[in-house]
>>> print(open('data19.cif').read())   # mmCIF, C-alpha atoms
data_work
loop_
_atom_site.group_PDB
_atom_site.id
_atom_site.type_symbol
_atom_site.label_atom_id
_atom_site.label_comp_id
_atom_site.auth_asym_id
_atom_site.auth_seq_id
_atom_site.Cartn_x
_atom_site.Cartn_y
_atom_site.Cartn_z
ATOM 1 C CA MET A 1 193.909 11.560 -11.270
ATOM 2 C CA SER A 2 197.254 12.101 -9.681
ATOM 3 C CA ASP A 3 200.680 11.349 -11.048
ATOM 4 C CA ILE A 4 202.220 8.079 -9.921
ATOM 5 C CA ILE A 5 204.162 8.391 -6.676
ATOM 6 C CA ARG A 6 206.985 5.960 -5.939
ATOM 7 C CA ILE A 7 207.750 5.215 -2.299
ATOM 8 C CA GLU A 8 210.411 3.107 -0.643
ATOM 9 C CA THR A 9 209.661 1.299 2.574
ATOM 10 C CA PRO A 10 209.759 1.786 5.495
ATOM 11 C CA LEU A 11 206.674 4.032 5.385
ATOM 12 C CA THR A 12 207.667 6.775 7.808
ATOM 13 C CA GLN A 13 205.312 9.442 9.147
ATOM 14 C CA GLU A 14 207.025 11.980 6.883
ATOM 15 C CA LYS A 15 206.345 9.856 3.791
ATOM 16 C CA LEU A 16 202.755 8.974 4.664
ATOM 17 C CA LYS A 17 201.832 12.604 5.383
ATOM 18 C CA SER A 18 202.677 13.449 1.764
ATOM 19 C CA LEU A 19 200.142 10.882 0.506
ATOM 20 C CA LYS A 20 196.611 12.063 -0.228
ATOM 21 C CA VAL A 21 193.405 10.192 -0.941
ATOM 22 C CA GLY A 22 193.292 9.129 -4.605
ATOM 23 C CA ASP A 23 197.083 9.093 -5.066
ATOM 24 C CA ASN A 24 198.401 6.306 -7.282
ATOM 25 C CA VAL A 25 201.429 4.767 -5.580
ATOM 26 C CA LEU A 26 204.098 2.230 -6.502
ATOM 27 C CA ILE A 27 205.610 0.625 -3.392
ATOM 28 C CA ASN A 28 209.180 -0.648 -3.378
ATOM 29 C CA GLY A 29 210.939 -2.523 -0.590
ATOM 30 C CA VAL A 30 209.781 -4.786 2.229
ATOM 31 C CA ILE A 31 206.128 -5.282 3.159
ATOM 32 C CA TYR A 32 204.527 -7.981 5.303
ATOM 33 C CA THR A 33 201.458 -10.142 4.816
ATOM 34 C CA GLY A 34 198.725 -11.088 7.229
ATOM 35 C CA ARG A 35 195.054 -11.963 7.184
ATOM 36 C CA ASP A 36 192.566 -12.318 10.015
ATOM 37 C CA ALA A 37 194.030 -15.502 11.569
ATOM 38 C CA ALA A 38 197.523 -13.953 11.691
ATOM 39 C CA HIS A 39 196.151 -10.651 12.999
ATOM 40 C CA LYS A 40 194.340 -12.506 15.782
ATOM 41 C CA LYS A 41 197.571 -14.297 16.758
ATOM 42 C CA MET A 42 199.544 -11.030 16.730
ATOM 43 C CA VAL A 43 197.018 -9.212 18.933
ATOM 44 C CA GLU A 44 196.910 -12.182 21.324
ATOM 45 C CA ALA A 45 200.729 -12.087 21.499
ATOM 46 C CA LEU A 46 200.580 -8.378 22.367
ATOM 47 C CA GLU A 47 198.032 -9.069 25.095
ATOM 48 C CA ARG A 48 200.424 -11.666 26.579
ATOM 49 C CA GLY A 49 203.293 -9.159 26.419
ATOM 50 C CA GLU A 50 205.131 -11.142 23.737
ATOM 51 C CA ASP A 51 207.080 -9.796 20.774
ATOM 52 C CA LEU A 52 205.453 -9.623 17.366
ATOM 53 C CA PRO A 53 206.908 -11.465 14.344
ATOM 54 C CA PHE A 54 208.302 -8.145 13.081
ATOM 55 C CA VAL A 55 208.643 -4.621 14.422
ATOM 56 C CA MET A 56 205.427 -2.795 13.447
ATOM 57 C CA LYS A 57 206.908 0.707 13.393
ATOM 58 C CA ASP A 58 206.722 2.224 9.902
ATOM 59 C CA GLN A 59 205.664 -1.041 8.250
ATOM 60 C CA ILE A 60 202.991 -1.981 5.723
ATOM 61 C CA ILE A 61 200.806 -5.092 5.985
ATOM 62 C CA TYR A 62 199.234 -6.534 2.847
ATOM 63 C CA PHE A 63 196.008 -8.416 3.572
ATOM 64 C CA VAL A 64 196.609 -11.472 1.388
ATOM 65 C CA GLY A 65 196.627 -15.259 1.516
ATOM 66 C CA PRO A 66 198.556 -16.173 -1.636
ATOM 67 C CA THR A 67 198.066 -19.381 -3.564
ATOM 68 C CA PRO A 68 200.998 -21.809 -3.697
ATOM 69 C CA ALA A 69 203.785 -20.838 -6.071
ATOM 70 C CA LYS A 70 204.162 -22.845 -9.249
ATOM 71 C CA GLU A 71 207.606 -23.989 -10.316
ATOM 72 C CA GLY A 72 209.766 -20.993 -11.150
ATOM 73 C CA GLN A 73 207.485 -18.519 -9.337
ATOM 74 C CA VAL A 74 208.288 -16.537 -6.197
ATOM 75 C CA ILE A 75 204.656 -16.682 -5.046
ATOM 76 C CA GLY A 76 201.300 -17.753 -6.420
ATOM 77 C CA SER A 77 198.401 -15.454 -7.145
ATOM 78 C CA ALA A 78 198.411 -12.716 -4.499
ATOM 79 C CA GLY A 79 195.225 -10.660 -4.670
ATOM 80 C CA PRO A 80 193.940 -8.573 -1.747
ATOM 81 C CA THR A 81 191.595 -9.866 0.944
ATOM 82 C CA THR A 82 188.569 -7.902 2.133
ATOM 83 C CA SER A 83 189.999 -5.586 4.771
ATOM 84 C CA GLY A 84 187.005 -5.501 7.080
ATOM 85 C CA ARG A 85 188.076 -8.930 8.350
ATOM 86 C CA MET A 86 191.043 -7.233 10.050
ATOM 87 C CA ASP A 87 189.097 -4.304 11.544
ATOM 88 C CA ALA A 88 188.888 -5.852 15.026
ATOM 89 C CA TYR A 89 192.692 -6.047 15.166
ATOM 90 C CA SER A 90 194.053 -3.179 13.060
ATOM 91 C CA PRO A 91 193.675 -0.371 15.653
ATOM 92 C CA LYS A 92 195.954 -2.227 18.095
ATOM 93 C CA LEU A 93 198.631 -2.721 15.420
ATOM 94 C CA ILE A 94 198.328 0.889 14.247
ATOM 95 C CA ALA A 95 198.874 1.976 17.865
ATOM 96 C CA ARG A 96 202.116 -0.088 17.771
ATOM 97 C CA GLY A 97 203.375 1.914 14.783
ATOM 98 C CA LEU A 98 201.883 0.180 11.735
ATOM 99 C CA THR A 99 201.680 2.914 9.091
ATOM 100 C CA GLY A 100 200.227 1.194 6.033
ATOM 101 C CA MET A 101 197.650 -1.434 5.161
ATOM 102 C CA ILE A 102 196.829 -2.826 1.717
ATOM 103 C CA GLY A 103 193.537 -4.546 0.958
ATOM 104 C CA LYS A 104 190.153 -4.029 -0.626
ATOM 105 C CA GLY A 105 186.863 -2.741 0.681
ATOM 106 C CA LEU A 106 185.646 -0.490 3.452
ATOM 107 C CA ARG A 107 187.252 0.064 6.874
ATOM 108 C CA SER A 108 185.415 0.599 10.150
ATOM 109 C CA PRO A 109 185.189 3.977 11.905
ATOM 110 C CA ASP A 110 187.455 2.597 14.680
ATOM 111 C CA VAL A 111 190.199 1.824 12.147
ATOM 112 C CA VAL A 112 189.890 5.263 10.530
ATOM 113 C CA GLU A 113 190.078 6.961 13.954
ATOM 114 C CA ALA A 114 193.219 4.968 14.800
ATOM 115 C CA MET A 115 194.732 5.974 11.451
ATOM 116 C CA LYS A 116 194.062 9.654 12.188
ATOM 117 C CA LYS A 117 195.291 9.437 15.777
ATOM 118 C CA HIS A 118 198.527 7.525 15.119
ATOM 119 C CA GLY A 119 199.245 8.330 11.468
ATOM 120 C CA ALA A 120 198.523 5.537 8.987
ATOM 121 C CA VAL A 121 197.162 5.120 5.468
ATOM 122 C CA TYR A 122 194.983 2.508 3.807
ATOM 123 C CA PHE A 123 195.910 1.508 0.289
ATOM 124 C CA GLY A 124 193.633 -0.334 -2.104
ATOM 125 C CA ALA A 125 194.897 -3.054 -4.411
ATOM 126 C CA ILE A 126 192.849 -4.359 -7.322
ATOM 127 C CA GLY A 127 190.768 -7.393 -6.473
ATOM 128 C CA GLY A 128 190.849 -10.049 -9.185
ATOM 129 C CA ALA A 129 194.350 -9.058 -10.325
ATOM 130 C CA GLY A 130 196.286 -11.418 -8.038
ATOM 131 C CA ALA A 131 198.316 -13.020 -10.820
ATOM 132 C CA LEU A 132 199.422 -9.612 -12.096
ATOM 133 C CA ILE A 133 200.158 -8.296 -8.598
ATOM 134 C CA ALA A 134 202.293 -11.391 -7.910
ATOM 135 C CA LYS A 135 204.663 -10.282 -10.681
ATOM 136 C CA CYS A 136 205.617 -7.280 -8.508
ATOM 137 C CA ILE A 137 206.776 -9.569 -5.686
ATOM 138 C CA VAL A 138 210.526 -10.177 -5.943
ATOM 139 C CA SER A 139 210.830 -12.503 -2.926
ATOM 140 C CA ALA A 140 208.588 -14.095 -0.304
ATOM 141 C CA GLU A 141 209.580 -15.734 2.976
ATOM 142 C CA VAL A 142 207.340 -17.150 5.725
ATOM 143 C CA ILE A 143 208.481 -15.532 8.991
ATOM 144 C CA ALA A 144 205.714 -16.520 11.432
ATOM 145 C CA TYR A 145 202.758 -18.842 11.980
ATOM 146 C CA PRO A 146 203.598 -21.392 9.249
ATOM 147 C CA GLU A 147 200.757 -23.557 10.586
ATOM 148 C CA LEU A 148 198.356 -21.040 9.017
ATOM 149 C CA GLY A 149 199.414 -22.065 5.508
ATOM 150 C CA PRO A 150 198.469 -19.310 3.049
ATOM 151 C CA GLU A 151 197.645 -17.041 6.006
ATOM 152 C CA ALA A 152 201.147 -17.293 7.510
ATOM 153 C CA VAL A 153 202.981 -13.993 7.958
ATOM 154 C CA ARG A 154 205.355 -13.433 5.078
ATOM 155 C CA ARG A 155 208.091 -10.914 4.442
ATOM 156 C CA LEU A 156 207.767 -9.749 0.846
ATOM 157 C CA VAL A 157 210.170 -7.691 -1.198
ATOM 158 C CA VAL A 158 208.177 -5.788 -3.807
ATOM 159 C CA LYS A 159 209.036 -3.700 -6.850
ATOM 160 C CA ASP A 160 206.583 -1.159 -8.233
ATOM 161 C CA PHE A 161 203.663 -2.732 -6.321
ATOM 162 C CA PRO A 162 200.605 -0.767 -7.560
ATOM 163 C CA VAL A 163 198.147 0.651 -5.021
ATOM 164 C CA MET A 164 195.907 3.678 -4.535
ATOM 165 C CA VAL A 165 195.452 5.693 -1.355
ATOM 166 C CA ILE A 166 191.872 4.914 -0.296
ATOM 167 C CA ILE A 167 192.030 6.543 3.161
ATOM 168 C CA ASP A 168 194.774 9.018 4.015
ATOM 169 C CA HIS A 169 196.188 9.892 7.447
ATOM 170 C CA GLU A 170 193.598 12.675 7.849
ATOM 171 C CA GLY A 171 190.713 10.242 7.363
ATOM 172 C CA ASN A 172 189.786 11.416 3.869
ATOM 173 C CA ASN A 173 188.045 8.408 2.346
ATOM 174 C CA LEU A 174 187.846 7.758 -1.390
ATOM 175 C CA TYR A 175 184.748 5.573 -0.954
ATOM 176 C CA GLU A 176 182.875 8.434 0.722
ATOM 177 C CA ILE A 177 184.207 11.083 -1.685
ATOM 178 C CA GLY A 178 183.279 8.972 -4.718
ATOM 179 C CA LYS A 179 179.779 8.291 -3.432
ATOM 180 C CA ALA A 180 179.212 11.998 -2.723
ATOM 181 C CA GLN A 181 180.402 12.936 -6.224
ATOM 182 C CA TYR A 182 178.098 10.343 -7.760
ATOM 183 C CA GLN A 183 175.101 11.545 -5.739
ATOM 184 C CA ARG A 184 175.701 15.149 -6.877
ATOM 185 C CA ALA A 185 175.857 14.135 -10.542
#
>>> encode(input="data19.cif", output="structure tokens")
Amino acid sequence: MSDIIRIETPLTQEKLKSLKVGDNVLINGVIYTGRDAAHKKMVEALERGEDLPFVMKDQIIYFVGPTPAKEGQVIGSAGPTTSGRMDAYSPKLIARGLTGMIGKGLRSPDVVEAMKKHGAVYFGAIGGAGALIAKCIVSAEVIAYPELGPEAVRRLVVKDFPVMVIIDHEGNNLYEIGKAQYQRA
């Protein structure tokens, strides 16, 4: 296990190249949210030559559809969504400069190739820990596609948001490494 690494957003190429598969990371600063419906709308906007809701360069998208906030809360439970639902769209956003994605589960070979080609990392967040993760979110603001409800794009400010590098910019994949280690045992 690695020591905990603290990073401040934006996630520049210099910062992401220092991250290796298996690194435990605490993210601080601005990240954005989006699930499959928002990703579809963003890719369609690109295809029409329209601007995206935020500049992708050096940004992190958290695949989440949070529950409504209770009184006194910034956001409701905010656990990760299965990332494979975004695989059809992620390569196009990575090509636009997206450098980080947070979710759970496997990614397609096309996504991993885009990560290696353009420089991006995939972070894993703990599924089932949405209420705890929400405590790391300092503020949340809907910035695009409010009609999508929980799937609207939000701008989050996070403090010590816990993730692990699952796939680094070289394509090293913790799921594959872990399986190989298990099979050797």
>>> resolve_selection(input="data19.cif", expression="the PyMOL selection byres ((chain A and resi 67-74) around 10)", output="PyMOL selection string")
chain A and resi 64-66+75-79+130-131+134-141+149-151+156
>>> closest_residue(input="data19.cif", among="A:Gly178, A:Gly127, A:Gly119, A:Pro53", to="Ala95 in chain A", atoms="only C-alpha atoms")
A:Gly119
>>> resolve_selection(input="data19.cif", expression="the PyMOL selection byres ((chain A and resi 125) around 7)", output="ChimeraX atom specification")
/A:80,102-104,123-124,126-127,162-164
>>> resolve_selection(input="data19.cif", expression="the PyMOL selection byres ((chain A and resi 174) around 12)", output="number ranges by chain")
A: 20-23, 105-107, 121-124, 164-168, 170-173, 175-182
>>> write_last_selection(input="data19.cif", atoms="C-alpha atoms", output="compact mmCIF listing (two decimals), keeping the file's coordinate frame")
# COMPACT_ATOMS: atom_id res chain seq x y z
CA LYS A 20 196.61 12.06 -0.23
CA VAL A 21 193.40 10.19 -0.94
CA GLY A 22 193.29 9.13 -4.61
CA ASP A 23 197.08 9.09 -5.07
CA GLY A 105 186.86 -2.74 0.68
CA LEU A 106 185.65 -0.49 3.45
CA ARG A 107 187.25 0.06 6.87
CA VAL A 121 197.16 5.12 5.47
CA TYR A 122 194.98 2.51 3.81
CA PHE A 123 195.91 1.51 0.29
CA GLY A 124 193.63 -0.33 -2.10
CA MET A 164 195.91 3.68 -4.54
CA VAL A 165 195.45 5.69 -1.36
CA ILE A 166 191.87 4.91 -0.30
CA ILE A 167 192.03 6.54 3.16
CA ASP A 168 194.77 9.02 4.01
CA GLU A 170 193.60 12.68 7.85
CA GLY A 171 190.71 10.24 7.36
CA ASN A 172 189.79 11.42 3.87
CA ASN A 173 188.04 8.41 2.35
CA TYR A 175 184.75 5.57 -0.95
CA GLU A 176 182.88 8.43 0.72
CA ILE A 177 184.21 11.08 -1.68
CA GLY A 178 183.28 8.97 -4.72
CA LYS A 179 179.78 8.29 -3.43
CA ALA A 180 179.21 12.00 -2.72
CA GLN A 181 180.40 12.94 -6.22
CA TYR A 182 178.10 10.34 -7.76
>>> atom_distance(input="data19.cif", atom1="CA of Ile60 in chain A", atom2="CA of Met101 in chain A")
5.4 Å
>>> closest_residue(input="data19.cif", among="A:Tyr89, A:Lys159, A:Glu147, A:Ala129", to="Val25 in chain A", atoms="all atoms listed in the file")
A:Lys159
>>> atom_distance(input="data19.cif", atom1="CA of Ala38 in chain A", atom2="CA of Leu148 in chain A")
7.6 Å
>>> build_atoms(input="data19.cif", residues="range 40-51 of chain A", atoms="all heavy atoms", output="PDB file, in the frame of the given file")
ATOM      1  N   LYS A  40     194.824 -12.038  14.483  1.00  0.00           N
ATOM      2  CA  LYS A  40     194.340 -12.506  15.782  1.00  0.00           C
ATOM      3  C   LYS A  40     195.512 -12.998  16.626  1.00  0.00           C
ATOM      4  O   LYS A  40     195.626 -12.642  17.809  1.00  0.00           O
ATOM      5  CB  LYS A  40     193.311 -13.620  15.594  1.00  0.00           C
ATOM      6  CG  LYS A  40     192.709 -14.119  16.884  1.00  0.00           C
ATOM      7  CD  LYS A  40     191.614 -15.151  16.613  1.00  0.00           C
ATOM      8  CE  LYS A  40     190.856 -15.435  17.880  1.00  0.00           C
ATOM      9  NZ  LYS A  40     190.975 -16.751  18.378  1.00  0.00           N
ATOM     10  N   LYS A  41     196.404 -13.783  16.023  1.00  0.00           N
ATOM     11  CA  LYS A  41     197.571 -14.297  16.758  1.00  0.00           C
ATOM     12  C   LYS A  41     198.491 -13.157  17.209  1.00  0.00           C
ATOM     13  O   LYS A  41     199.021 -13.191  18.317  1.00  0.00           O
ATOM     14  CB  LYS A  41     198.348 -15.298  15.902  1.00  0.00           C
ATOM     15  CG  LYS A  41     197.688 -16.665  15.816  1.00  0.00           C
ATOM     16  CD  LYS A  41     198.571 -17.607  15.002  1.00  0.00           C
ATOM     17  CE  LYS A  41     198.119 -19.030  15.117  1.00  0.00           C
ATOM     18  NZ  LYS A  41     198.577 -19.693  16.337  1.00  0.00           N
ATOM     19  N   MET A  42     198.666 -12.145  16.359  1.00  0.00           N
ATOM     20  CA  MET A  42     199.544 -11.030  16.730  1.00  0.00           C
ATOM     21  C   MET A  42     198.949 -10.239  17.889  1.00  0.00           C
ATOM     22  O   MET A  42     199.666  -9.892  18.837  1.00  0.00           O
ATOM     23  CB  MET A  42     199.810 -10.127  15.518  1.00  0.00           C
ATOM     24  CG  MET A  42     200.762 -10.758  14.521  1.00  0.00           C
ATOM     25  SD  MET A  42     201.307  -9.625  13.208  1.00  0.00           S
ATOM     26  CE  MET A  42     199.892  -9.616  12.128  1.00  0.00           C
ATOM     27  N   VAL A  43     197.655  -9.964  17.851  1.00  0.00           N
ATOM     28  CA  VAL A  43     197.018  -9.212  18.933  1.00  0.00           C
ATOM     29  C   VAL A  43     197.045 -10.032  20.232  1.00  0.00           C
ATOM     30  O   VAL A  43     197.309  -9.487  21.308  1.00  0.00           O
ATOM     31  CB  VAL A  43     195.598  -8.765  18.534  1.00  0.00           C
ATOM     32  CG1 VAL A  43     194.823  -8.242  19.736  1.00  0.00           C
ATOM     33  CG2 VAL A  43     195.683  -7.683  17.454  1.00  0.00           C
ATOM     34  N   GLU A  44     196.815 -11.328  20.133  1.00  0.00           N
ATOM     35  CA  GLU A  44     196.910 -12.182  21.324  1.00  0.00           C
ATOM     36  C   GLU A  44     198.324 -12.167  21.904  1.00  0.00           C
ATOM     37  O   GLU A  44     198.503 -12.141  23.127  1.00  0.00           O
ATOM     38  CB  GLU A  44     196.481 -13.617  20.989  1.00  0.00           C
ATOM     39  CG  GLU A  44     194.983 -13.755  20.766  1.00  0.00           C
ATOM     40  CD  GLU A  44     194.566 -15.112  20.211  1.00  0.00           C
ATOM     41  OE1 GLU A  44     195.444 -15.900  19.763  1.00  0.00           O
ATOM     42  OE2 GLU A  44     193.352 -15.388  20.210  1.00  0.00           O
ATOM     43  N   ALA A  45     199.343 -12.166  21.033  1.00  0.00           N
ATOM     44  CA  ALA A  45     200.729 -12.087  21.499  1.00  0.00           C
ATOM     45  C   ALA A  45     200.970 -10.773  22.244  1.00  0.00           C
ATOM     46  O   ALA A  45     201.612 -10.756  23.303  1.00  0.00           O
ATOM     47  CB  ALA A  45     201.701 -12.226  20.321  1.00  0.00           C
ATOM     48  N   LEU A  46     200.455  -9.680  21.696  1.00  0.00           N
ATOM     49  CA  LEU A  46     200.580  -8.378  22.367  1.00  0.00           C
ATOM     50  C   LEU A  46     199.938  -8.417  23.747  1.00  0.00           C
ATOM     51  O   LEU A  46     200.508  -7.906  24.718  1.00  0.00           O
ATOM     52  CB  LEU A  46     199.914  -7.275  21.538  1.00  0.00           C
ATOM     53  CG  LEU A  46     200.666  -6.740  20.335  1.00  0.00           C
ATOM     54  CD1 LEU A  46     199.803  -5.737  19.580  1.00  0.00           C
ATOM     55  CD2 LEU A  46     201.978  -6.121  20.738  1.00  0.00           C
ATOM     56  N   GLU A  47     198.750  -9.000  23.822  1.00  0.00           N
ATOM     57  CA  GLU A  47     198.032  -9.069  25.095  1.00  0.00           C
ATOM     58  C   GLU A  47     198.785  -9.896  26.135  1.00  0.00           C
ATOM     59  O   GLU A  47     198.654  -9.667  27.326  1.00  0.00           O
ATOM     60  CB  GLU A  47     196.621  -9.621  24.867  1.00  0.00           C
ATOM     61  CG  GLU A  47     195.731  -8.628  24.142  1.00  0.00           C
ATOM     62  CD  GLU A  47     194.420  -9.214  23.640  1.00  0.00           C
ATOM     63  OE1 GLU A  47     194.215 -10.455  23.710  1.00  0.00           O
ATOM     64  OE2 GLU A  47     193.586  -8.417  23.149  1.00  0.00           O
ATOM     65  N   ARG A  48     199.607 -10.858  25.673  1.00  0.00           N
ATOM     66  CA  ARG A  48     200.424 -11.666  26.579  1.00  0.00           C
ATOM     67  C   ARG A  48     201.788 -11.017  26.856  1.00  0.00           C
ATOM     68  O   ARG A  48     202.614 -11.573  27.554  1.00  0.00           O
ATOM     69  CB  ARG A  48     200.646 -13.066  25.994  1.00  0.00           C
ATOM     70  CG  ARG A  48     199.407 -13.930  25.942  1.00  0.00           C
ATOM     71  CD  ARG A  48     199.730 -15.371  25.567  1.00  0.00           C
ATOM     72  NE  ARG A  48     200.402 -15.505  24.280  1.00  0.00           N
ATOM     73  CZ  ARG A  48     199.804 -15.713  23.109  1.00  0.00           C
ATOM     74  NH1 ARG A  48     198.488 -15.822  23.053  1.00  0.00           N
ATOM     75  NH2 ARG A  48     200.506 -15.821  22.007  1.00  0.00           N
ATOM     76  N   GLY A  49     202.020  -9.854  26.233  1.00  0.00           N
ATOM     77  CA  GLY A  49     203.293  -9.159  26.419  1.00  0.00           C
ATOM     78  C   GLY A  49     204.433  -9.741  25.611  1.00  0.00           C
ATOM     79  O   GLY A  49     205.601  -9.463  25.884  1.00  0.00           O
ATOM     80  N   GLU A  50     204.112 -10.508  24.578  1.00  0.00           N
ATOM     81  CA  GLU A  50     205.131 -11.142  23.737  1.00  0.00           C
ATOM     82  C   GLU A  50     205.490 -10.243  22.558  1.00  0.00           C
ATOM     83  O   GLU A  50     204.737  -9.348  22.178  1.00  0.00           O
ATOM     84  CB  GLU A  50     204.617 -12.486  23.224  1.00  0.00           C
ATOM     85  CG  GLU A  50     204.322 -13.487  24.324  1.00  0.00           C
ATOM     86  CD  GLU A  50     203.601 -14.729  23.833  1.00  0.00           C
ATOM     87  OE1 GLU A  50     203.364 -14.871  22.618  1.00  0.00           O
ATOM     88  OE2 GLU A  50     203.260 -15.559  24.687  1.00  0.00           O
ATOM     89  N   ASP A  51     206.651 -10.524  21.966  1.00  0.00           N
ATOM     90  CA  ASP A  51     207.080  -9.796  20.774  1.00  0.00           C
ATOM     91  C   ASP A  51     206.246 -10.224  19.571  1.00  0.00           C
ATOM     92  O   ASP A  51     205.764 -11.362  19.495  1.00  0.00           O
ATOM     93  CB  ASP A  51     208.554 -10.073  20.480  1.00  0.00           C
ATOM     94  CG  ASP A  51     209.486  -9.422  21.480  1.00  0.00           C
ATOM     95  OD1 ASP A  51     209.080  -8.434  22.130  1.00  0.00           O
ATOM     96  OD2 ASP A  51     210.628  -9.909  21.615  1.00  0.00           O
TER      97      ASP A  51
END
